[in-house]
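work.cif (mmCIF, C-alpha atoms and all ligand atoms) appears below.
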data_model
loop_
_atom_site.label_atom_id
_atom_site.label_comp_id
_atom_site.auth_asym_id
_atom_site.auth_seq_id
_atom_site.Cartn_x
_atom_site.Cartn_y
_atom_site.Cartn_z
CA THR W 1 0.00 0.00 0.00
CA THR W 2 1.45 3.34 -1.03
CA ILE W 3 0.11 6.50 0.60
CA LEU W 4 0.70 10.16 -0.20
CA ALA W 5 0.19 12.37 2.86
CA ILE W 6 -0.03 16.13 3.19
CA GLU W 7 0.50 18.21 6.33
CA SER W 8 -0.45 21.89 6.35
CA SER W 9 -1.85 22.60 9.82
CA CYS W 10 0.39 25.52 10.72
CA ASP W 11 3.38 27.02 8.95
CA GLU W 12 5.06 23.95 7.44
CA THR W 13 3.95 22.64 4.06
CA SER W 14 4.94 19.01 3.92
CA ALA W 15 4.31 15.93 1.81
CA SER W 16 5.39 12.35 2.36
CA VAL W 17 5.16 9.04 0.57
CA CYS W 18 4.89 5.89 2.66
CA CYS W 19 4.94 2.33 1.33
CA ASP W 20 3.77 -0.46 3.65
CA GLY W 21 4.72 1.53 6.73
CA LYS W 22 8.12 2.56 5.41
CA ILE W 23 8.69 6.28 4.78
CA LEU W 24 10.10 6.85 1.28
CA SER W 25 10.14 10.64 1.41
CA ASN W 26 9.29 13.44 3.81
CA TYR W 27 9.72 16.86 2.25
CA ILE W 28 9.12 19.94 4.42
CA ALA W 29 8.94 23.55 3.25
CA ASN W 30 9.31 25.99 6.14
CA GLN W 31 7.72 29.39 5.81
CA LYS W 32 10.17 32.20 6.46
CA VAL W 33 7.67 35.06 6.11
CA HIS W 34 6.54 34.84 9.76
CA GLU W 35 9.94 35.51 11.35
CA GLN W 36 9.64 39.29 11.07
CA TYR W 37 6.28 39.23 12.89
CA GLY W 38 7.41 37.21 15.92
CA GLY W 39 4.76 34.55 15.36
CA VAL W 40 2.74 32.78 12.69
CA VAL W 41 0.41 35.11 10.74
CA PRO W 42 -2.53 32.89 9.69
CA GLU W 43 -3.38 34.71 6.46
CA LEU W 44 0.24 34.66 5.29
CA ALA W 45 0.52 30.99 6.23
CA SER W 46 -2.40 29.93 4.03
CA ARG W 47 -1.05 31.96 1.09
CA ALA W 48 2.37 30.35 1.46
CA HIS W 49 0.76 26.90 1.59
CA MET W 50 -0.99 27.66 -1.70
CA GLN W 51 2.32 28.59 -3.30
CA ASN W 52 4.14 25.59 -1.82
CA ILE W 53 1.71 22.74 -2.13
CA VAL W 54 2.23 21.74 -5.77
CA PRO W 55 6.05 21.82 -5.73
CA VAL W 56 6.19 20.16 -2.29
CA VAL W 57 4.02 17.22 -3.40
CA ASP W 58 6.07 16.99 -6.58
CA VAL W 59 9.36 16.79 -4.67
CA ALA W 60 7.96 14.19 -2.26
CA LEU W 61 6.89 11.95 -5.15
CA LYS W 62 10.21 12.43 -6.98
CA GLN W 63 12.31 11.72 -3.87
CA ALA W 64 10.28 8.56 -3.27
CA GLY W 65 10.65 7.57 -6.91
CA ILE W 66 6.89 6.98 -7.06
CA SER W 67 4.50 8.11 -9.76
CA ILE W 68 1.19 9.57 -8.65
CA ASP W 69 -0.44 6.73 -10.65
CA ASN W 70 0.89 4.31 -8.03
CA ILE W 71 -0.62 6.04 -5.00
CA ASP W 72 -3.29 3.89 -3.35
CA ALA W 73 -4.67 6.46 -0.88
CA PHE W 74 -4.40 10.17 -0.15
CA ALA W 75 -4.06 11.38 3.42
CA PHE W 76 -4.14 14.83 5.00
CA THR W 77 -4.23 16.64 8.34
CA GLN W 78 -7.86 17.39 9.06
CA SER W 79 -7.50 19.00 12.51
CA PRO W 80 -6.41 20.79 14.67
CA GLY W 81 -4.62 23.84 13.27
CA LEU W 82 -5.13 27.15 11.52
CA ILE W 83 -8.26 26.79 9.45
CA GLY W 84 -6.91 28.58 6.36
CA SER W 85 -3.80 26.42 6.41
CA LEU W 86 -5.73 23.18 6.94
CA LEU W 87 -8.06 24.05 4.06
CA VAL W 88 -5.21 24.15 1.54
CA GLY W 89 -3.94 20.65 2.37
CA SER W 90 -7.39 19.14 2.81
CA GLN W 91 -8.77 20.49 -0.47
CA PHE W 92 -5.65 19.37 -2.28
CA ALA W 93 -5.86 15.82 -0.89
CA LYS W 94 -9.61 15.66 -1.51
CA SER W 95 -9.16 16.78 -5.11
CA LEU W 96 -6.49 14.14 -5.70
CA ALA W 97 -8.59 11.38 -4.13
CA PHE W 98 -11.61 12.44 -6.18
CA ALA W 99 -9.76 12.80 -9.48
CA ARG W 100 -7.99 9.45 -9.07
CA ALA W 101 -10.91 7.63 -7.44
CA LYS W 102 -8.76 6.50 -4.52
CA PRO W 103 -9.53 6.42 -0.78
CA LEU W 104 -9.13 9.57 1.28
CA ILE W 105 -7.83 9.33 4.85
CA ALA W 106 -8.27 12.19 7.33
CA VAL W 107 -5.70 12.31 10.13
CA HIS W 108 -5.74 14.06 13.50
CA HIS W 109 -2.50 16.02 13.84
CA MET W 110 -1.98 15.22 17.54
CA GLN W 111 -2.51 11.48 17.01
CA ALA W 112 0.02 11.70 14.21
CA HIS W 113 2.61 13.31 16.52
CA VAL W 114 2.19 10.29 18.84
CA LEU W 115 2.31 7.70 16.05
CA ALA W 116 5.50 9.26 14.62
CA ASN W 117 7.04 6.84 17.11
CA LEU W 118 5.98 3.97 14.83
CA ILE W 119 8.16 5.23 11.96
CA PRO W 120 11.60 3.97 13.07
CA ASP W 121 12.44 0.26 12.80
CA GLU W 122 12.72 0.03 16.56
CA LYS W 123 9.15 0.78 17.66
CA PRO W 124 7.42 0.78 21.04
CA SER W 125 4.99 -2.06 21.61
CA PHE W 126 1.46 -1.42 22.80
CA PRO W 127 0.46 -0.20 25.25
CA PHE W 128 2.86 2.74 25.37
CA LEU W 129 2.79 6.17 26.95
CA CYS W 130 3.60 9.27 24.95
CA LEU W 131 4.45 12.76 26.17
CA THR W 132 3.45 15.01 23.28
CA VAL W 133 5.02 18.44 23.60
CA SER W 134 4.44 20.87 20.76
CA GLY W 135 3.71 24.48 19.97
CA GLY W 136 0.02 24.23 20.81
CA HIS W 137 -0.32 21.12 22.97
CA THR W 138 1.12 19.31 25.96
CA GLN W 139 -0.42 15.90 26.48
CA ILE W 140 0.23 12.55 28.07
CA VAL W 141 -1.34 9.88 25.88
CA VAL W 142 -1.92 6.18 26.46
CA ALA W 143 -1.69 4.29 23.17
CA ASN W 144 -3.43 0.95 23.58
CA SER W 145 -3.25 0.37 19.83
CA SER W 146 -2.73 2.51 16.75
CA PHE W 147 -6.43 3.45 16.80
CA ASP W 148 -7.04 3.51 20.55
CA LEU W 149 -5.30 6.60 21.91
CA LYS W 150 -6.41 8.30 25.12
CA VAL W 151 -5.33 11.63 26.57
CA ILE W 152 -4.81 11.16 30.33
CA GLY W 153 -3.19 14.52 31.09
CA GLU W 154 -2.83 17.87 29.37
CA THR W 155 -2.00 21.50 29.89
CA LEU W 156 -4.61 23.77 31.47
CA ASP W 157 -3.15 26.86 29.79
CA ASP W 158 0.06 27.32 27.73
CA ALA W 159 1.72 24.46 25.87
CA ALA W 160 5.34 23.51 26.58
CA GLY W 161 6.38 24.98 23.22
CA GLU W 162 4.64 28.24 24.12
CA ALA W 163 6.49 28.24 27.44
CA PHE W 164 9.76 28.02 25.51
CA ASP W 165 8.75 30.60 22.91
CA LYS W 166 7.27 33.11 25.39
CA SER W 167 10.27 32.81 27.70
CA ALA W 168 12.56 33.33 24.72
CA LYS W 169 10.60 36.45 23.80
CA LEU W 170 11.12 37.83 27.32
CA LEU W 171 14.85 37.28 26.77
CA GLY W 172 14.65 39.24 23.53
CA LEU W 173 15.15 36.21 21.29
CA PRO W 174 13.38 35.92 17.93
CA TYR W 175 10.49 33.53 17.18
CA PRO W 176 10.45 30.56 17.47
CA GLY W 177 12.67 30.79 20.53
CA GLY W 178 12.57 27.15 21.64
CA PRO W 179 15.52 26.00 19.51
CA LEU W 180 17.53 29.09 20.57
CA ILE W 181 16.97 28.42 24.28
CA ASP W 182 18.18 24.88 23.59
CA LYS W 183 21.30 26.24 21.87
CA TYR W 184 22.28 28.87 24.48
CA ALA W 185 21.45 26.54 27.36
CA LYS W 186 24.30 24.27 26.30
CA ASP W 187 26.81 26.77 27.77
CA GLY W 188 24.71 27.63 30.82
CA ASN W 189 24.26 26.50 34.41
CA PRO W 190 20.76 25.03 34.86
CA SER W 191 20.77 25.49 38.64
CA ARG W 192 21.85 29.12 38.62
CA PHE W 193 18.27 30.48 38.80
CA THR W 194 15.22 28.72 40.20
CA PHE W 195 11.74 29.41 38.93
CA ALA W 196 8.61 28.35 40.79
CA GLU W 197 7.13 24.97 40.02
CA PRO W 198 3.34 24.98 39.48
CA GLN W 199 1.34 22.77 41.84
CA ILE W 200 -1.25 21.14 39.59
CA PRO W 201 -3.03 18.00 40.74
CA GLY W 202 -3.12 14.78 38.73
CA LEU W 203 -1.47 14.45 35.34
CA ASP W 204 -2.26 17.94 34.05
CA PHE W 205 0.22 20.74 33.40
CA SER W 206 0.32 24.51 33.69
CA PHE W 207 2.92 26.82 32.19
CA SER W 208 1.40 30.29 32.36
CA GLY W 209 2.70 30.93 35.90
CA LEU W 210 6.25 30.18 34.82
CA LYS W 211 6.13 32.89 32.18
CA THR W 212 4.88 35.42 34.76
CA SER W 213 7.53 34.48 37.30
CA ILE W 214 10.25 34.87 34.66
CA LEU W 215 8.84 38.26 33.68
CA TYR W 216 8.82 39.58 37.28
CA PHE W 217 12.27 38.16 37.94
CA LEU W 218 13.73 39.83 34.85
CA GLN W 219 12.04 43.17 35.58
CA LYS W 220 13.57 43.18 39.06
CA GLU W 221 17.06 42.24 37.84
CA VAL W 222 17.08 44.62 34.90
CA LYS W 223 16.30 47.51 37.26
CA ASN W 224 19.68 46.91 38.95
CA ASN W 225 21.61 46.00 35.83
CA GLU W 226 20.32 46.84 32.40
CA ASN W 227 22.67 44.30 30.83
CA PHE W 228 21.43 41.49 33.08
CA VAL W 229 19.88 39.42 30.29
CA ALA W 230 22.83 39.73 27.91
CA GLU W 231 25.35 38.95 30.65
CA ASN W 232 23.44 35.90 31.89
CA LEU W 233 21.78 34.61 28.75
CA ALA W 234 23.21 31.09 28.85
CA ASP W 235 22.39 30.58 32.55
CA LEU W 236 18.90 32.02 32.07
CA CYS W 237 18.21 29.71 29.11
CA ALA W 238 19.58 26.69 30.96
CA SER W 239 17.57 27.45 34.10
CA ILE W 240 14.30 28.09 32.25
CA GLN W 241 14.77 24.97 30.16
CA GLU W 242 15.56 22.94 33.27
CA ARG W 243 12.31 24.03 34.93
CA ILE W 244 10.18 23.22 31.86
CA ILE W 245 11.81 19.78 31.61
CA THR W 246 11.34 18.95 35.29
CA ILE W 247 7.65 19.91 35.07
CA LEU W 248 7.18 17.65 32.04
CA LEU W 249 9.10 14.63 33.26
CA LYS W 250 7.62 14.69 36.77
CA LYS W 251 4.14 14.20 35.31
CA LEU W 252 5.28 11.64 32.79
CA LYS W 253 6.89 9.64 35.59
CA LYS W 254 3.68 9.88 37.61
CA ALA W 255 1.71 8.60 34.61
CA ALA W 256 4.06 5.66 34.14
CA LEU W 257 3.83 4.70 37.80
CA GLN W 258 0.02 5.08 37.79
CA THR W 259 -0.56 3.04 34.63
CA GLY W 260 2.26 0.54 35.05
CA ILE W 261 3.18 1.08 31.40
CA THR W 262 6.89 0.60 30.75
CA GLN W 263 7.26 1.69 27.11
CA LEU W 264 7.64 5.49 27.00
CA CYS W 265 7.81 7.86 24.03
CA ILE W 266 8.10 11.58 23.44
CA ALA W 267 6.78 13.45 20.42
CA GLY W 268 6.12 16.94 19.05
CA GLY W 269 8.38 19.88 18.29
CA VAL W 270 9.66 20.31 21.85
CA SER W 271 10.88 16.70 21.83
CA ALA W 272 13.61 18.02 19.53
CA ASN W 273 15.04 19.68 22.67
CA SER W 274 18.42 18.12 23.39
CA SER W 275 18.23 18.33 27.19
CA LEU W 276 14.70 16.94 27.26
CA ARG W 277 15.77 14.01 25.11
CA LYS W 278 18.69 13.33 27.43
CA ALA W 279 16.74 13.72 30.69
CA PHE W 280 13.90 11.59 29.31
CA ALA W 281 16.25 8.76 28.34
CA GLU W 282 17.98 8.96 31.74
CA MET W 283 14.69 8.84 33.64
CA CYS W 284 13.59 5.78 31.68
CA GLU W 285 16.91 4.04 32.25
CA GLN W 286 16.79 4.66 36.01
CA ASN W 287 13.31 3.15 36.19
CA ASN W 288 13.91 0.27 33.81
CA TRP W 289 11.50 1.69 31.28
CA LYS W 290 12.15 1.47 27.57
CA SER W 291 12.45 4.90 25.93
CA PHE W 292 11.70 5.88 22.35
CA ILE W 293 12.47 9.20 20.70
CA PRO W 294 11.61 9.87 17.05
CA PRO W 295 14.40 11.28 14.83
CA PHE W 296 14.35 15.12 14.66
CA GLU W 297 12.61 15.35 11.30
CA TYR W 298 9.60 13.45 12.71
CA CYS W 299 9.33 15.60 15.87
CA THR W 300 8.41 18.98 14.41
CA ASP W 301 5.55 19.19 11.92
CA ASN W 302 6.01 16.79 9.03
CA ALA W 303 3.89 14.74 6.65
CA ALA W 304 5.65 11.44 7.42
CA MET W 305 3.75 11.24 10.70
CA ILE W 306 0.51 11.85 8.80
CA ALA W 307 1.48 9.12 6.33
CA ILE W 308 2.27 6.53 9.01
CA THR W 309 -0.98 7.28 10.87
CA ALA W 310 -2.90 6.98 7.60
CA TYR W 311 -1.19 3.67 6.91
CA TYR W 312 -2.42 2.19 10.20
CA LYS W 313 -5.88 3.65 9.56
CA PHE W 314 -5.85 2.06 6.12
CA LEU W 315 -4.95 -1.33 7.65
CA HIS W 316 -7.82 -0.82 10.08
CA GLY W 317 -10.20 -0.12 7.20
CA ASP W 318 -10.69 3.57 8.03
CA SER W 319 -11.32 5.94 5.16
CA THR W 320 -13.00 9.31 5.04
CA PRO W 321 -15.85 10.52 2.79
CA LEU W 322 -15.03 13.35 0.36
CA SER W 323 -17.59 15.51 2.18
CA VAL W 324 -15.23 15.82 5.16
CA SER W 325 -14.09 19.32 6.03
CA ALA W 326 -11.04 20.61 7.83
CA SER W 327 -11.59 21.84 11.35
CA ALA W 328 -9.53 24.21 13.51
CA ARG W 329 -10.41 22.18 16.59
CA ALA W 330 -11.86 18.72 16.50
CA SER W 331 -12.30 16.18 19.24
CA TRP W 332 -9.65 13.55 19.57
CA GLU W 333 -11.70 10.63 18.18
P1 LIG T 1 0.67 21.61 17.46
O1 LIG T 1 1.33 20.35 17.03
O2 LIG T 1 0.34 21.63 18.93
O3 LIG T 1 -0.45 22.02 16.60
P2 LIG T 1 2.91 22.93 16.23
O4 LIG T 1 2.67 21.89 15.20
O5 LIG T 1 3.05 24.34 15.83
O6 LIG T 1 1.78 22.78 17.35
P3 LIG T 1 5.44 21.72 16.49
O7 LIG T 1 5.85 22.13 15.12
O8 LIG T 1 5.26 20.28 16.78
O9 LIG T 1 4.19 22.52 17.02
O10 LIG T 1 6.48 22.31 17.52
C1 LIG T 1 6.86 23.66 17.47
C2 LIG T 1 7.33 24.06 18.85
O11 LIG T 1 8.50 23.29 19.19
C3 LIG T 1 7.72 25.51 18.97
O12 LIG T 1 7.14 26.02 20.15
C4 LIG T 1 9.25 25.47 19.07
O13 LIG T 1 9.80 26.51 19.81
C5 LIG T 1 9.44 24.16 19.78
N1 LIG T 1 10.79 23.62 19.57
C6 LIG T 1 11.34 23.17 18.41
N2 LIG T 1 12.63 22.78 18.62
C7 LIG T 1 12.87 22.97 19.96
C8 LIG T 1 14.00 22.76 20.80
N3 LIG T 1 15.14 22.27 20.34
N4 LIG T 1 13.87 23.07 22.12
C9 LIG T 1 12.71 23.56 22.60
N5 LIG T 1 11.63 23.80 21.86
C10 LIG T 1 11.70 23.50 20.55
MG MG T 2 5.60 25.03 12.93
FE FE T 3 2.44 19.87 15.38
#

Take the structure in this file and express it as structure tokens.
Ligand code: ATP
Ligand code: MG
Ligand code: FE
Amino acid sequence: TTILAIESSCDETSASVCCDGKILSNYIANQKVHEQYGGVVPELASRAHMQNIVPVVDVALKQAGISIDNIDAFAFTQSPGLIGSLLVGSQFAKSLAFARAKPLIAVHHMQAHVLANLIPDEKPSFPFLCLTVSGGHTQIVVANSSFDLKVIGETLDDAAGEAFDKSAKLLGLPYPGGPLIDKYAKDGNPSRFTFAEPQIPGLDFSFSGLKTSILYFLQKEVKNNENFVAENLADLCASIQERIITILLKKLKKAALQTGITQLCIAGGVSANSSLRKAFAEMCEQNNWKSFIPPFEYCTDNAAMIAITAYYKFLHGDSTPLSVSASARASWE
């Protein structure tokens, strides 16, 4: 079974070809236009998707060495995301499925982030736990099978990626700041500054308080020394990153102990963070849990994760009627 998948939920236009669960290509076009605005501008994102979609699909097919005549099903990200962006990918996939009279498979972006863990040869076995940390979501998911995924914990306010990006903004770093915090933190001392840890019951998260405590802390320090941020950038990045990671891993550990599940994964853009990857692997090793981390290109938004999810849906007999529409927010199921 050969599937062509399209991802266009936010500001990456991506296409991937997957054959029997093996990824043959995963081409991603990043949109540069948003950098100058310090965040993704929805209208500009949908326009860029329209410009990118044809060449991106073309490249994905060429890199896979597959002709469009040999595609058995067309998959796309149906939800959640920016509606204008989702519409470009969904209409494109629907048109292809209609014109070629092949099945259409709608994929939920957050399920796809989780199932990106099924791409590498060494895969977790079911049931597994996944900490999904991205720009818009922070979730702990139990995967009982490829089509039985349950959210057992999530953020009550900001996502982990937002915590990185908003903290970076307070430090004067450009958007998206997450990768820059990661980079500067490498030369910093993570225990130099301590930021308050939110006290949230159960398996849920909260990150909005962290941002406020960083803001007040910086305001106070800058009053005494206007160069405070520049002089302490590495230590600030390392300390902020350390706090975000301890919040995340504490809840993941709690979830593992509560469920007794011993196969643990991370997913989403923030799972590209080098310290998180390291701390996650260490935590799993200490507890005799098996850890899985997708390669970088499958952590941030990409169509390969849409393709792999669609492949398992196809095996399960799931296809989607052409009347389906994209949705900015749709329930998990
Ligand atoms: P969602 O999947 O919730 O709809 P999204 O698709 O926009 O959101 P992703 O592309 O999965 O999110 O992730 C983007 C986020 O990952 C951004 O907040 C970015 O700062 C963060 N990020 C990427 N690389 C790193 C890194 N190395 N360290 C920390 N954060 C990172
Ligand atoms: Mg993005
Ligand atoms: Fe995403």

Open item on the list: Can you measure atom CA of Phe164 of chain W to atom CA of Ala185 of chain W for me? One decimal in Å is fine.
Closed with: 11.9 Å

Counting all atoms listed in the file, name the residues that have an atom within 12 Å of an atom of ligand FE 3 (chain T); the answer should be given as a PDB file with C-alpha atoms, in the frame of the given file.
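selection_3.pdb, freshly written:
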ATOM      1  CA  GLU W   7       0.500  18.210   6.330  1.00  0.00           C
ATOM      2  CA  SER W   8      -0.450  21.890   6.350  1.00  0.00           C
ATOM      3  CA  SER W   9      -1.850  22.600   9.820  1.00  0.00           C
ATOM      4  CA  CYS W  10       0.390  25.520  10.720  1.00  0.00           C
ATOM      5  CA  ASP W  11       3.380  27.020   8.950  1.00  0.00           C
ATOM      6  CA  GLU W  12       5.060  23.950   7.440  1.00  0.00           C
ATOM      7  CA  THR W  13       3.950  22.640   4.060  1.00  0.00           C
ATOM      8  CA  SER W  14       4.940  19.010   3.920  1.00  0.00           C
ATOM      9  CA  THR W  77      -4.230  16.640   8.340  1.00  0.00           C
ATOM     10  CA  SER W  79      -7.500  19.000  12.510  1.00  0.00           C
ATOM     11  CA  PRO W  80      -6.410  20.790  14.670  1.00  0.00           C
ATOM     12  CA  GLY W  81      -4.620  23.840  13.270  1.00  0.00           C
ATOM     13  CA  LEU W  82      -5.130  27.150  11.520  1.00  0.00           C
ATOM     14  CA  HIS W 108      -5.740  14.060  13.500  1.00  0.00           C
ATOM     15  CA  HIS W 109      -2.500  16.020  13.840  1.00  0.00           C
ATOM     16  CA  MET W 110      -1.980  15.220  17.540  1.00  0.00           C
ATOM     17  CA  GLN W 111      -2.510  11.480  17.010  1.00  0.00           C
ATOM     18  CA  ALA W 112       0.020  11.700  14.210  1.00  0.00           C
ATOM     19  CA  HIS W 113       2.610  13.310  16.520  1.00  0.00           C
ATOM     20  CA  VAL W 114       2.190  10.290  18.840  1.00  0.00           C
ATOM     21  CA  ALA W 116       5.500   9.260  14.620  1.00  0.00           C
ATOM     22  CA  THR W 132       3.450  15.010  23.280  1.00  0.00           C
ATOM     23  CA  VAL W 133       5.020  18.440  23.600  1.00  0.00           C
ATOM     24  CA  SER W 134       4.440  20.870  20.760  1.00  0.00           C
ATOM     25  CA  GLY W 135       3.710  24.480  19.970  1.00  0.00           C
ATOM     26  CA  GLY W 136       0.020  24.230  20.810  1.00  0.00           C
ATOM     27  CA  HIS W 137      -0.320  21.120  22.970  1.00  0.00           C
ATOM     28  CA  THR W 138       1.120  19.310  25.960  1.00  0.00           C
ATOM     29  CA  ALA W 159       1.720  24.460  25.870  1.00  0.00           C
ATOM     30  CA  GLY W 161       6.380  24.980  23.220  1.00  0.00           C
ATOM     31  CA  ALA W 267       6.780  13.450  20.420  1.00  0.00           C
ATOM     32  CA  GLY W 268       6.120  16.940  19.050  1.00  0.00           C
ATOM     33  CA  GLY W 269       8.380  19.880  18.290  1.00  0.00           C
ATOM     34  CA  VAL W 270       9.660  20.310  21.850  1.00  0.00           C
ATOM     35  CA  SER W 271      10.880  16.700  21.830  1.00  0.00           C
ATOM     36  CA  GLU W 297      12.610  15.350  11.300  1.00  0.00           C
ATOM     37  CA  TYR W 298       9.600  13.450  12.710  1.00  0.00           C
ATOM     38  CA  CYS W 299       9.330  15.600  15.870  1.00  0.00           C
ATOM     39  CA  THR W 300       8.410  18.980  14.410  1.00  0.00           C
ATOM     40  CA  ASP W 301       5.550  19.190  11.920  1.00  0.00           C
ATOM     41  CA  ASN W 302       6.010  16.790   9.030  1.00  0.00           C
ATOM     42  CA  ALA W 303       3.890  14.740   6.650  1.00  0.00           C
ATOM     43  CA  MET W 305       3.750  11.240  10.700  1.00  0.00           C
ATOM     44  CA  ILE W 306       0.510  11.850   8.800  1.00  0.00           C
TER      45      ILE W 306
END

TODO: Select, from W:Ala73, W:Ala272, W:Ala15, W:Ala330, the residue with the minimum atom-to-atom distance to ligand LIG 1 (chain T), counting only C-alpha atoms and all ligand atoms.
DONE: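 Going through W:Ala73, W:Ala272, W:Ala15, W:Ala330 one by one, the smallest distance to ligand LIG 1 (chain T) is for W:Ala272.
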
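Ranking W:Pro55, W:Gly178, W:Gly21, W:Gly172 by their shortest atom-to-atom distance to ligand LIG 1 (chain T), with all atoms listed in the file included, puts W:Gly178 first.
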
Task: Residue among W:Leu131, W:Val107, W:Leu61, W:Leu210 lying closest to Leu276 of chain W, counting only C-alpha atoms - done: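 For Leu276 of chain W, the nearest of the candidates is W:Leu131.
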
Open item on the list: Counting only C-alpha atoms, which residue out of W:Ala60, W:Phe147, W:Ile28, W:Gln91 sits closest to Tyr312 of chain W?
Closed with: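 Of all the options, W:Phe147 lies closest to Tyr312 of chain W.
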
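Going from atom CA of Ile261 of chain W over to atom CA of Leu129 of chain W, you cover 6.8 Å.
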
Task: Near-Phe92 of chain W list (10 Å; all atoms listed in the file; drop same-chain fewer than 3 positions) as an MDAnalysis selection string - done: chainID W and resid 6 50 53:54 57 74:76 86:89 95:98

TODO: Measuring atom to atom with only C-alpha atoms, identify which of W:Ile293, W:Ile245, W:Leu156, W:Ile23 is nearest to Gln263 of chain W.
DONE: W:Ile293

Task: Best match for closeness to ligand MG 2 (chain T) among W:Ser323, W:Pro176, W:Phe126, W:Cys18, counting only C-alpha atoms and all ligand atoms - done: W:Pro176

- [ ] Quote the spacing between atom CA of Ser239 of chain W and atom CA of Ile181 of chain W in Å to one decimal place.
- [x]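 Separation of atom CA of Ser239 of chain W and atom CA of Ile181 of chain W: 9.9 Å.
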
May I have the residues at most 12 Å from (15.6, 0.2, 18.5) in the file's coordinates, counting only C-alpha atoms, as a PDB file with C-alpha atoms, in the frame of the given file?
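Below is the file result_24.pdb, written as the result:
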ATOM      1  CA  ASN W 117       7.040   6.840  17.110  1.00  0.00           C
ATOM      2  CA  LEU W 118       5.980   3.970  14.830  1.00  0.00           C
ATOM      3  CA  ILE W 119       8.160   5.230  11.960  1.00  0.00           C
ATOM      4  CA  PRO W 120      11.600   3.970  13.070  1.00  0.00           C
ATOM      5  CA  ASP W 121      12.440   0.260  12.800  1.00  0.00           C
ATOM      6  CA  GLU W 122      12.720   0.030  16.560  1.00  0.00           C
ATOM      7  CA  LYS W 123       9.150   0.780  17.660  1.00  0.00           C
ATOM      8  CA  PRO W 124       7.420   0.780  21.040  1.00  0.00           C
ATOM      9  CA  SER W 125       4.990  -2.060  21.610  1.00  0.00           C
ATOM     10  CA  LYS W 290      12.150   1.470  27.570  1.00  0.00           C
ATOM     11  CA  SER W 291      12.450   4.900  25.930  1.00  0.00           C
ATOM     12  CA  PHE W 292      11.700   5.880  22.350  1.00  0.00           C
ATOM     13  CA  ILE W 293      12.470   9.200  20.700  1.00  0.00           C
ATOM     14  CA  PRO W 294      11.610   9.870  17.050  1.00  0.00           C
ATOM     15  CA  PRO W 295      14.400  11.280  14.830  1.00  0.00           C
TER      16      PRO W 295
END

- [ ] Would you kindly return, as a PyMOL selection string, each protein, DNA or RNA residue with an atom no farther than 12 Å from any atom of Asn189 of chain W, considering all atoms listed in the file and excluding same-chain residues fewer than 2 positions away?
- [x] chain W and resi 184-187+191-194+232-242

Can those selected residues be exported to a file as an mmCIF file, keeping the file's coordinate frame so that it contains C-alpha atoms?
data_model
loop_
_atom_site.group_PDB
_atom_site.id
_atom_site.type_symbol
_atom_site.label_atom_id
_atom_site.label_comp_id
_atom_site.auth_asym_id
_atom_site.auth_seq_id
_atom_site.Cartn_x
_atom_site.Cartn_y
_atom_site.Cartn_z
ATOM 1 C CA TYR W 184 22.280 28.870 24.480
ATOM 2 C CA ALA W 185 21.450 26.540 27.360
ATOM 3 C CA LYS W 186 24.300 24.270 26.300
ATOM 4 C CA ASP W 187 26.810 26.770 27.770
ATOM 5 C CA SER W 191 20.770 25.490 38.640
ATOM 6 C CA ARG W 192 21.850 29.120 38.620
ATOM 7 C CA PHE W 193 18.270 30.480 38.800
ATOM 8 C CA THR W 194 15.220 28.720 40.200
ATOM 9 C CA ASN W 232 23.440 35.900 31.890
ATOM 10 C CA LEU W 233 21.780 34.610 28.750
ATOM 11 C CA ALA W 234 23.210 31.090 28.850
ATOM 12 C CA ASP W 235 22.390 30.580 32.550
ATOM 13 C CA LEU W 236 18.900 32.020 32.070
ATOM 14 C CA CYS W 237 18.210 29.710 29.110
ATOM 15 C CA ALA W 238 19.580 26.690 30.960
ATOM 16 C CA SER W 239 17.570 27.450 34.100
ATOM 17 C CA ILE W 240 14.300 28.090 32.250
ATOM 18 C CA GLN W 241 14.770 24.970 30.160
ATOM 19 C CA GLU W 242 15.560 22.940 33.270
#

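Residues lying within 12 Å of Val33 of chain W, counting all atoms listed in the file and ignoring same-chain neighbours fewer than 3 positions away, are Asp11, Glu12, Ala29, Asn30, Gln36, Tyr37, Gly38, Gly39, Val40, Val41, Pro42, Glu43, Leu44, Ala45, Ser46, Arg47, Ala48, His49 and Tyr175 of chain W.
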
Starting from the structure just given, write a file holding segment 182-187 of chain W with N, CA and C atoms, as an mmCIF file, in the first residue's frame.
data_model
loop_
_atom_site.group_PDB
_atom_site.id
_atom_site.type_symbol
_atom_site.label_atom_id
_atom_site.label_comp_id
_atom_site.auth_asym_id
_atom_site.auth_seq_id
_atom_site.Cartn_x
_atom_site.Cartn_y
_atom_site.Cartn_z
ATOM 1 N N ASP W 182 17.444 26.148 23.610
ATOM 2 C CA ASP W 182 18.181 24.879 23.586
ATOM 3 C C ASP W 182 19.671 25.138 23.311
ATOM 4 N N LYS W 183 19.928 25.972 22.296
ATOM 5 C CA LYS W 183 21.298 26.241 21.868
ATOM 6 C C LYS W 183 22.103 26.980 22.945
ATOM 7 N N TYR W 184 21.549 28.095 23.474
ATOM 8 C CA TYR W 184 22.283 28.874 24.475
ATOM 9 C C TYR W 184 22.425 28.119 25.790
ATOM 10 N N ALA W 185 21.427 27.274 26.091
ATOM 11 C CA ALA W 185 21.451 26.542 27.365
ATOM 12 C C ALA W 185 22.645 25.599 27.453
ATOM 13 N N LYS W 186 23.170 25.214 26.311
ATOM 14 C CA LYS W 186 24.299 24.268 26.299
ATOM 15 C C LYS W 186 25.515 24.816 27.049
ATOM 16 N N ASP W 187 25.665 26.156 27.074
ATOM 17 C CA ASP W 187 26.808 26.768 27.769
ATOM 18 C C ASP W 187 26.401 27.335 29.128
#
